[in-house]
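> Dropping in structure.cif, with mmCIF, C-alpha atoms.
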data_model
loop_
_atom_site.label_atom_id
_atom_site.label_comp_id
_atom_site.auth_asym_id
_atom_site.auth_seq_id
_atom_site.Cartn_x
_atom_site.Cartn_y
_atom_site.Cartn_z
CA MET A 1370 73.88 88.81 116.84
CA MET A 1371 76.25 90.69 119.13
CA ASN A 1372 74.99 93.96 120.42
CA MET A 1373 76.99 97.20 120.34
CA LYS A 1374 78.36 96.81 123.89
CA GLN A 1375 79.61 93.29 123.23
CA ALA A 1376 81.19 94.39 119.98
CA VAL A 1377 83.06 97.24 121.67
CA LYS A 1378 84.22 94.84 124.41
CA PHE A 1379 85.45 92.37 121.78
CA LEU A 1380 87.36 95.09 119.93
CA ALA A 1381 88.88 96.39 123.17
CA ILE A 1382 90.15 92.88 123.97
CA LEU A 1383 91.52 92.54 120.43
CA ILE A 1384 93.39 95.84 120.72
CA MET A 1385 94.72 94.96 124.18
CA LEU A 1386 95.95 91.60 122.92
CA GLY A 1387 97.80 93.36 120.13
CA ALA A 1388 99.07 96.35 122.06
CA GLY A 1389 100.12 94.45 125.20
CA PRO A 1390 103.07 92.55 123.80
CA ALA A 1391 103.95 95.47 121.55
CA GLY A 1392 104.23 97.81 124.53
CA CYS A 1393 106.12 95.37 126.72
CA THR A 1394 108.90 94.32 124.40
CA SER A 1395 109.07 97.23 121.94
CA PHE A 1396 110.39 94.59 119.53
CA GLY A 1397 114.10 94.94 119.97
CA LYS A 1398 114.49 98.71 119.75
CA THR A 1399 117.33 99.15 122.21
CA SER A 1400 117.75 102.86 122.82
CA PRO A 1401 115.41 105.73 123.63
CA GLU A 1402 116.93 107.55 120.66
CA SER A 1403 115.84 104.90 118.15
CA ARG A 1404 112.45 104.57 119.82
CA ALA A 1405 111.84 108.30 119.49
CA SER A 1406 113.32 108.67 116.02
CA MET A 1407 109.99 108.27 114.25
CA ILE A 1408 108.25 111.18 115.94
CA GLN A 1409 111.00 113.64 116.74
CA SER A 1410 114.33 114.91 115.53
CA VAL A 1411 117.17 112.87 117.08
CA ASN A 1412 120.17 114.05 115.06
CA PRO A 1413 122.16 110.79 115.24
CA ASP A 1414 125.96 110.79 115.03
CA PRO A 1415 127.37 109.58 111.75
CA GLY A 1416 129.21 106.28 111.96
CA ALA A 1417 131.06 103.55 110.10
CA THR A 1418 130.63 99.80 110.42
CA ASN A 1419 134.38 99.46 110.65
CA ASP A 1420 135.36 101.56 113.67
CA LEU A 1421 139.07 101.34 112.94
CA GLU A 1422 138.77 102.96 109.52
CA GLU A 1423 139.29 106.62 110.30
CA LYS A 1424 138.69 107.40 106.62
CA ASP A 1425 135.14 105.96 106.71
CA ILE A 1426 134.18 107.90 109.83
CA LYS A 1427 135.50 111.13 108.34
CA LEU A 1428 133.55 110.47 105.14
CA ALA A 1429 130.33 109.82 107.09
CA LYS A 1430 130.75 113.05 109.06
CA LYS A 1431 131.39 115.04 105.89
CA VAL A 1432 128.37 113.53 104.10
CA LYS A 1433 126.13 114.27 107.07
CA LYS A 1434 127.26 117.89 107.13
CA ASP A 1435 126.63 118.22 103.38
CA ILE A 1436 123.12 116.74 103.49
CA ALA A 1437 122.04 118.48 106.69
CA ALA A 1438 122.81 121.80 104.98
CA LEU A 1439 119.76 121.37 102.74
CA ASP A 1440 116.77 123.46 103.84
CA GLU A 1441 114.10 120.80 103.29
CA ILE A 1442 115.73 118.25 105.58
CA TYR A 1443 115.67 118.15 109.37
CA ASP A 1444 117.32 114.89 110.41
CA VAL A 1445 120.08 112.88 108.76
CA ALA A 1446 121.61 109.50 109.62
CA VAL A 1447 124.74 108.38 107.81
CA ILE A 1448 126.43 105.00 108.14
CA ALA A 1449 129.43 104.13 106.04
CA GLY A 1450 129.79 100.45 105.22
CA LYS A 1451 132.54 98.51 103.49
CA LYS A 1452 131.24 99.24 100.01
CA GLU A 1453 128.22 101.49 100.35
CA VAL A 1454 127.32 104.52 102.40
CA LEU A 1455 123.76 104.63 103.73
CA VAL A 1456 122.17 108.07 103.88
CA ALA A 1457 118.73 108.23 105.53
CA TYR A 1458 117.00 111.55 106.00
CA LYS A 1459 113.68 113.03 107.09
CA VAL A 1460 112.01 115.72 105.02
CA LYS A 1461 110.09 118.61 106.60
CA HIS A 1462 106.38 117.88 106.48
CA LEU A 1463 105.28 120.58 104.05
CA LYS A 1464 108.25 119.91 101.78
CA ARG A 1465 107.26 116.26 101.32
CA PHE A 1466 105.43 117.18 98.11
CA GLY A 1467 108.80 117.55 96.43
CA MET A 1468 110.23 114.29 97.72
CA LYS A 1469 111.48 113.04 94.33
CA ARG A 1470 113.10 116.36 93.50
CA ILE A 1471 114.87 116.40 96.89
CA GLU A 1472 116.14 112.85 96.37
CA LYS A 1473 117.45 113.80 92.93
CA GLU A 1474 119.14 116.86 94.38
CA ILE A 1475 120.82 114.80 97.11
CA ASN A 1476 121.98 112.15 94.63
CA LYS A 1477 123.41 114.83 92.35
CA LYS A 1478 125.20 116.54 95.22
CA LEU A 1479 126.69 113.29 96.50
CA GLU A 1480 127.76 112.18 93.04
CA LYS A 1481 129.45 115.50 92.44
CA ASN A 1482 131.23 115.70 95.80
CA TYR A 1483 132.13 112.01 96.19
CA PRO A 1484 132.43 110.45 92.72
CA ASP A 1485 134.20 107.30 93.99
CA GLU A 1486 131.66 106.35 96.65
CA ASP A 1487 128.52 104.27 96.29
CA PHE A 1488 125.53 105.80 98.10
CA ILE A 1489 122.20 104.34 99.17
CA VAL A 1490 119.86 107.28 99.71
CA SER A 1491 116.45 106.94 101.38
CA SER A 1492 113.78 109.18 102.88
CA ASP A 1493 111.88 106.19 104.32
CA TYR A 1494 111.11 106.33 108.04
CA LYS A 1495 111.84 102.63 108.46
CA ILE A 1496 115.33 102.99 107.00
CA PHE A 1497 115.92 105.98 109.27
CA ILE A 1498 114.79 104.13 112.41
CA GLU A 1499 116.90 101.10 111.56
CA ALA A 1500 119.92 103.30 110.80
CA VAL A 1501 119.59 105.03 114.19
CA GLU A 1502 119.14 101.66 115.88
CA LEU A 1503 122.29 100.29 114.20
CA ARG A 1504 124.25 103.41 115.09
CA GLU A 1505 123.23 103.04 118.74
CA ARG A 1506 124.25 99.39 118.76
CA MET A 1507 127.56 100.25 117.15
CA LYS A 1508 128.38 102.51 120.10
CA ASP A 1509 128.78 99.37 122.21
CA PRO A 1510 132.47 98.34 121.83
CA SER A 1511 131.56 94.65 122.10
CA PHE A 1512 129.29 94.85 119.03
CA PRO A 1513 131.33 93.15 116.26
CA ASP A 1514 132.02 95.02 113.01
CA LYS A 1515 130.97 91.99 110.98
CA LYS A 1516 127.54 92.01 112.54
CA ALA A 1517 127.25 95.75 111.96
CA GLU A 1518 128.02 95.24 108.28
CA GLU A 1519 125.42 92.44 108.13
CA GLN A 1520 122.82 94.72 109.70
CA LEU A 1521 123.68 97.46 107.23
CA GLN A 1522 123.20 95.07 104.33
CA ARG A 1523 119.84 94.05 105.79
CA ILE A 1524 118.76 97.70 105.88
CA ILE A 1525 119.93 98.18 102.28
CA SER A 1526 117.90 95.12 101.21
CA LEU A 1527 114.85 96.62 102.96
CA LYS A 1528 115.33 99.80 100.97
CA LYS A 1529 115.44 97.84 97.71
CA GLU A 1530 112.23 95.95 98.53
CA LEU A 1531 109.34 97.41 96.56
CA THR A 1532 106.21 95.31 97.10
CA MET B 1128 64.73 119.30 86.64
CA GLY B 1129 65.44 120.52 83.12
CA ASP B 1130 63.02 122.91 81.38
CA LYS B 1131 62.54 120.55 78.42
CA LYS B 1132 61.45 117.75 80.72
CA LYS B 1133 59.09 120.10 82.54
CA GLN B 1134 57.45 121.15 79.27
CA LYS B 1135 56.67 117.52 78.40
CA MET B 1136 54.74 117.02 81.64
CA THR B 1137 51.00 117.16 81.81
CA PRO B 1138 49.50 119.98 83.94
CA GLU B 1139 48.60 117.41 86.63
CA GLN B 1140 52.15 116.18 86.74
CA GLN B 1141 53.45 119.73 87.04
CA GLN B 1142 51.01 120.43 89.82
CA TYR B 1143 52.12 117.30 91.64
CA GLN B 1144 55.73 118.33 91.17
CA GLN B 1145 55.06 121.67 92.83
CA LEU B 1146 53.22 120.00 95.69
CA GLU B 1147 56.03 117.52 96.18
CA GLN B 1148 58.65 120.25 96.22
CA LYS B 1149 56.72 122.08 98.91
CA HIS B 1150 56.75 119.08 101.23
CA GLU B 1151 60.17 117.73 100.38
CA LEU B 1152 62.63 117.78 103.25
CA LYS B 1153 65.79 119.74 102.52
CA ARG B 1154 68.94 117.67 102.69
CA PRO B 1155 71.45 119.07 105.20
CA VAL B 1156 74.32 118.94 102.67
CA VAL B 1157 76.84 121.00 104.66
CA LYS B 1158 76.16 119.06 107.87
CA ASN B 1159 76.52 115.76 105.99
CA CYS B 1160 79.78 116.93 104.45
CA ILE B 1161 81.21 117.87 107.85
CA LYS B 1162 80.17 114.51 109.32
CA ALA B 1163 81.70 112.65 106.36
CA PHE B 1164 84.88 114.70 106.63
CA LEU B 1165 85.29 114.01 110.34
CA VAL B 1166 84.52 110.29 110.26
CA GLY B 1167 86.47 109.74 107.02
CA GLY B 1168 89.39 111.63 108.54
CA LEU B 1169 89.19 109.53 111.69
CA ILE B 1170 89.25 106.30 109.67
CA CYS B 1171 92.28 107.57 107.73
CA THR B 1172 94.02 108.56 110.99
CA ILE B 1173 93.51 105.02 112.31
CA GLY B 1174 94.94 103.72 109.01
CA GLN B 1175 97.97 105.98 109.37
CA ALA B 1176 98.50 104.77 112.94
CA ILE B 1177 98.36 101.15 111.73
CA THR B 1178 100.89 101.99 108.97
CA TYR B 1179 103.28 103.40 111.59
CA PHE B 1180 102.67 100.33 113.75
CA TYR B 1181 103.78 98.06 110.90
CA ILE B 1182 106.77 100.28 110.08
CA TYR B 1183 107.92 100.47 113.69
CA PHE B 1184 107.36 96.92 114.90
CA PHE B 1185 107.76 94.86 111.73
CA ASN B 1186 110.05 94.80 108.71
CA PHE B 1187 107.87 97.01 106.53
CA THR B 1188 109.05 100.21 104.91
CA GLU B 1189 106.82 103.18 104.08
CA GLN B 1190 106.41 101.72 100.60
CA THR B 1191 105.50 98.19 101.66
CA ALA B 1192 103.46 98.96 104.81
CA GLY B 1193 100.43 99.90 102.68
CA ASN B 1194 99.54 96.27 101.93
CA PRO B 1195 99.13 94.97 105.51
CA THR B 1196 97.47 98.25 106.50
CA VAL B 1197 94.77 97.86 103.85
CA ALA B 1198 94.27 94.22 104.85
CA THR B 1199 93.92 95.16 108.52
CA MET B 1200 91.48 97.99 107.84
CA ILE B 1201 89.30 95.77 105.64
CA PHE B 1202 89.39 93.00 108.25
CA LEU B 1203 88.34 95.39 111.02
CA SER B 1204 85.49 96.84 108.96
CA MET B 1205 84.33 93.32 108.10
CA LEU B 1206 84.22 92.43 111.81
CA LEU B 1207 82.34 95.64 112.61
CA THR B 1208 79.87 94.95 109.80
CA GLY B 1209 79.26 91.48 111.18
CA PHE B 1210 78.60 92.91 114.64
CA GLY B 1211 76.22 95.47 113.16
CA VAL B 1212 78.31 98.44 114.28
CA TYR B 1213 79.44 99.63 110.86
CA ASP B 1214 75.83 100.15 109.77
CA HIS B 1215 75.45 102.81 112.46
CA ILE B 1216 78.72 104.44 111.41
CA GLY B 1217 77.55 104.37 107.80
CA GLN B 1218 74.22 105.92 108.68
CA PHE B 1219 75.92 108.72 110.57
CA ALA B 1220 78.86 109.44 108.25
CA GLY B 1221 77.57 108.46 104.79
CA ALA B 1222 80.35 108.82 102.24
CA GLY B 1223 82.88 109.30 105.04
CA SER B 1224 82.58 105.61 105.86
CA ALA B 1225 81.94 104.35 102.31
CA VAL B 1226 84.80 105.99 100.41
CA PRO B 1227 87.77 104.73 102.48
CA VAL B 1228 88.82 101.13 101.95
CA THR B 1229 86.76 100.09 104.99
CA GLY B 1230 83.65 100.71 102.87
CA PHE B 1231 84.84 97.93 100.58
CA GLY B 1232 84.92 95.43 103.46
CA ASN B 1233 81.50 96.60 104.54
CA SER B 1234 79.99 96.13 101.08
CA VAL B 1235 81.39 92.57 100.81
CA ILE B 1236 80.14 91.39 104.20
CA SER B 1237 76.78 93.15 104.08
CA ALA B 1238 76.01 91.45 100.75
CA ALA B 1239 77.11 88.10 102.20
CA ILE B 1240 74.87 88.55 105.25
CA GLU B 1241 71.93 89.62 103.09
CA HIS B 1242 72.08 86.50 100.91
CA ARG B 1243 73.01 83.85 103.49
CA THR B 1244 69.46 82.48 103.50
CA GLU B 1245 69.93 81.46 99.85
CA GLY B 1246 72.70 79.01 100.75
CA PHE B 1247 76.45 79.18 100.97
CA VAL B 1248 77.33 78.59 97.32
CA LEU B 1249 74.66 80.37 95.31
CA GLY B 1250 73.69 82.76 98.09
CA VAL B 1251 76.85 83.91 99.89
CA GLY B 1252 79.33 82.84 97.21
CA GLY B 1253 77.35 84.14 94.28
CA ASN B 1254 76.34 87.47 95.76
CA MET B 1255 79.28 88.37 97.99
CA PHE B 1256 80.80 90.68 95.37
CA LYS B 1257 77.50 92.06 94.14
CA LEU B 1258 78.34 95.52 95.48
CA ALA B 1259 82.12 95.27 95.68
CA GLY B 1260 82.43 93.83 92.16
CA SER B 1261 82.08 97.26 90.59
CA VAL B 1262 84.81 98.61 92.88
CA ILE B 1263 87.16 95.84 91.78
CA LEU B 1264 86.28 96.19 88.09
CA PHE B 1265 86.69 99.96 87.90
CA GLY B 1266 89.71 99.85 90.22
CA VAL B 1267 91.50 97.39 87.94
CA PHE B 1268 90.45 99.31 84.83
CA ALA B 1269 91.59 102.66 86.29
CA ALA B 1270 94.92 101.09 87.32
CA PHE B 1271 95.33 99.75 83.78
CA VAL B 1272 94.66 103.17 82.22
CA VAL B 1273 97.02 104.96 84.62
CA ALA B 1274 99.76 102.36 83.99
CA LEU B 1275 99.24 102.79 80.25
CA VAL B 1276 99.55 106.58 80.49
CA LYS B 1277 102.65 106.28 82.70
CA THR B 1278 104.28 103.79 80.32
CA LEU B 1279 103.63 106.12 77.39
CA LEU B 1280 105.03 109.10 79.30
CA ILE B 1281 108.15 107.12 80.23
CA MET B 1282 108.58 105.99 76.62
CA MET B 1283 108.30 109.60 75.45
CA GLY B 1284 110.87 110.63 78.04
CA VAL B 1285 108.59 112.99 79.98
CA LEU B 1286 108.95 111.10 83.27
#
Here is a file; write its structure as structure tokens.

Amino acid sequence: MMNMKQAVKFLAILIMLGAGPAGCTSFGKTSPESRASMIQSVNPDPGATNDLEEKDIKLAKKVKKDIAALDEIYDVAVIAGKKEVLVAYKVKHLKRFGMKRIEKEINKKLEKNYPDEDFIVSSDYKIFIEAVELRERMKDPSFPDKKAEEQLQRIISLKKELT
Amino acid sequence: MGDKKKQKMTPEQQQYQQLEQKHELKRPVVKNCIKAFLVGGLICTIGQAITYFYIYFFNFTEQTAGNPTVATMIFLSMLLTGFGVYDHIGQFAGAGSAVPVTGFGNSVISAAIEHRTEGFVLGVGGNMFKLAGSVILFGVFAAFVVALVKTLLIMMGVL
């Protein structure tokens, strides 16, 4: 049987093997903003997958302003797609007990203010990180709108995944 | 001990009881609770870190990251049990190491190790879930009851 020292050594190697590649590549997160988005407030700019549609950008900005006005929320990312608008937000730690109520409140507010739009609302960290990542990529003028829309749909499918 | 039970005892038994109580070591309940709290909290912190790892580096959301996290924690505790490290943690922390999901992995592997001399099929295979079987049974039953209550509440329009 392995003794305690050997076991600790084995575990250390296991952790190094796992953490090494993770630290080196950071798995495709391109900007410092998206890398930091999980642990701190980054306040990302609202955006639209179709840069030429002034209407979409205006809508995203307005939605962000509306949602950020809520007391329980401290970071909001909004991306307007062709059909849907993705709203990802982070809830203050002690307010996370009322997560469902906050989501209901946001849905109600959005439905009331923008009855013609289709919203995807999520408080999930993953959705937030991916939204920030997409927004950062969209800042690059060479990033095609079609790809941005594809990425947005991928994020929406992640949100719908339950198990 | 209840008064009724005490009354049923013979005088010798009562005398022995008093003698035993005099020499019995007092359990350090508060100290044990603090140890369990700290170690249990540490295990949960590691679990939370693994959840964030899966959210950040893989395509798991907060809702779906629980599954690989549980699998990883159980796997790690199984390895540590095999190396004989988890026994020391268990001795130090008590419930703090048994209540989190890592305790489940420990109970599976420790039973398997204990019965390996009886052969792989009837020994390891037959006794592996000797301790963990109750966890699975009552876990499934509790989940069933909770699902039943939730379904009823949804049907009544409360939720």
> Near chain A, which residues of chain B fall within 9 Å when you count all atoms listed in the file, and what do they look like as a ChimeraX atom specification?
/B:1179,1182-1192,1194,1203,1206-1207,1209-1212
> Neighbours of range 1516-1518 of chain A within 9 Å (all atoms listed in the file; same-chain residues fewer than 6 positions away dropped), as a VMD selection string?
chain A and resid 1417 to 1419 1450 to 1451 1503 to 1504 1506 to 1507
> Go ahead and dump the residues you just picked, C-alpha atoms, as an mmCIF file, in the frame of the given file.

data_model
loop_
_atom_site.group_PDB
_atom_site.id
_atom_site.type_symbol
_atom_site.label_atom_id
_atom_site.label_comp_id
_atom_site.auth_asym_id
_atom_site.auth_seq_id
_atom_site.Cartn_x
_atom_site.Cartn_y
_atom_site.Cartn_z
ATOM 1 C CA ALA A 1417 131.060 103.550 110.100
ATOM 2 C CA THR A 1418 130.630 99.800 110.420
ATOM 3 C CA ASN A 1419 134.380 99.460 110.650
ATOM 4 C CA GLY A 1450 129.790 100.450 105.220
ATOM 5 C CA LYS A 1451 132.540 98.510 103.490
ATOM 6 C CA LEU A 1503 122.290 100.290 114.200
ATOM 7 C CA ARG A 1504 124.250 103.410 115.090
ATOM 8 C CA ARG A 1506 124.250 99.390 118.760
ATOM 9 C CA MET A 1507 127.560 100.250 117.150
#
> Please write as a ChimeraX atom specification the full residue list that the PyMOL selection byres ((chain B and resi 1244-1258) around 12) yields on this file.
/B:1225,1230-1243,1259-1264
> Could you tell me, as a VMD selection string, exactly which residues end up selected when the PyMOL selection byres ((chain A and resi 1453) around 6) is applied to this structure?
chain A and resid 1450 1452 1454 1487 to 1488
> Once the PyMOL selection byres ((chain B and resi 1216) around 12) has been evaluated on this model, what residues remain selected, and can you format them as a PDB file with C-alpha atoms, in the coordinates of the input?

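Contents of the output file selection17.pdb:
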ATOM      1  CA  MET A1373      76.990  97.200 120.340  1.00  0.00           C
TER       2      MET A1373
ATOM      3  CA  LYS B1162      80.170 114.510 109.320  1.00  0.00           C
ATOM      4  CA  ALA B1163      81.700 112.650 106.360  1.00  0.00           C
ATOM      5  CA  LEU B1165      85.290 114.010 110.340  1.00  0.00           C
ATOM      6  CA  VAL B1166      84.520 110.290 110.260  1.00  0.00           C
ATOM      7  CA  GLY B1167      86.470 109.740 107.020  1.00  0.00           C
ATOM      8  CA  LEU B1169      89.190 109.530 111.690  1.00  0.00           C
ATOM      9  CA  ILE B1170      89.250 106.300 109.670  1.00  0.00           C
ATOM     10  CA  SER B1204      85.490  96.840 108.960  1.00  0.00           C
ATOM     11  CA  LEU B1207      82.340  95.640 112.610  1.00  0.00           C
ATOM     12  CA  THR B1208      79.870  94.950 109.800  1.00  0.00           C
ATOM     13  CA  PHE B1210      78.600  92.910 114.640  1.00  0.00           C
ATOM     14  CA  GLY B1211      76.220  95.470 113.160  1.00  0.00           C
ATOM     15  CA  VAL B1212      78.310  98.440 114.280  1.00  0.00           C
ATOM     16  CA  TYR B1213      79.440  99.630 110.860  1.00  0.00           C
ATOM     17  CA  ASP B1214      75.830 100.150 109.770  1.00  0.00           C
ATOM     18  CA  HIS B1215      75.450 102.810 112.460  1.00  0.00           C
ATOM     19  CA  GLY B1217      77.550 104.370 107.800  1.00  0.00           C
ATOM     20  CA  GLN B1218      74.220 105.920 108.680  1.00  0.00           C
ATOM     21  CA  PHE B1219      75.920 108.720 110.570  1.00  0.00           C
ATOM     22  CA  ALA B1220      78.860 109.440 108.250  1.00  0.00           C
ATOM     23  CA  GLY B1221      77.570 108.460 104.790  1.00  0.00           C
ATOM     24  CA  ALA B1222      80.350 108.820 102.240  1.00  0.00           C
ATOM     25  CA  GLY B1223      82.880 109.300 105.040  1.00  0.00           C
ATOM     26  CA  SER B1224      82.580 105.610 105.860  1.00  0.00           C
ATOM     27  CA  ALA B1225      81.940 104.350 102.310  1.00  0.00           C
ATOM     28  CA  THR B1229      86.760 100.090 104.990  1.00  0.00           C
ATOM     29  CA  GLY B1230      83.650 100.710 102.870  1.00  0.00           C
ATOM     30  CA  ASN B1233      81.500  96.600 104.540  1.00  0.00           C
TER      31      ASN B1233
END
> Please list as number ranges by chain every residue within 7 Å of Asn1412 in chain A, counting only C-alpha atoms and excluding residues in the same chain fewer than 2 positions away.
A: 1410, 1414, 1444-1445
> Work out how far CA of Ala1449 in chain A is from CA of Lys1478 in chain A, in Å to one decimal.
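Computed distance, CA of Lys1478 in chain A to CA of Ala1449 in chain A, equals 17.0 Å.
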> One decimal, Å: what's the distance from CA of Gly1174 in chain B over to CA of Lys1461 in chain A, could you say?
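Straight-line distance from CA of Gly1174 in chain B to CA of Lys1461 in chain A works out to 21.4 Å.
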> Give me, please, the distance in Å between CA of Pro1227 in chain B and CA of Arg1465 in chain A, quoted to one decimal.
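Distance between the two atoms: 22.7 Å.
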> So that I can check the surroundings of range 1466-1476 of chain A, please list as a PyMOL selection string every protein, DNA and RNA residue that reaches within 10 Å of it, counting all atoms listed in the file and ignoring chain neighbours fewer than 3 positions away.
chain A and resi 1435-1436+1439+1441-1442+1456+1458+1460-1463+1479-1482+1488-1492
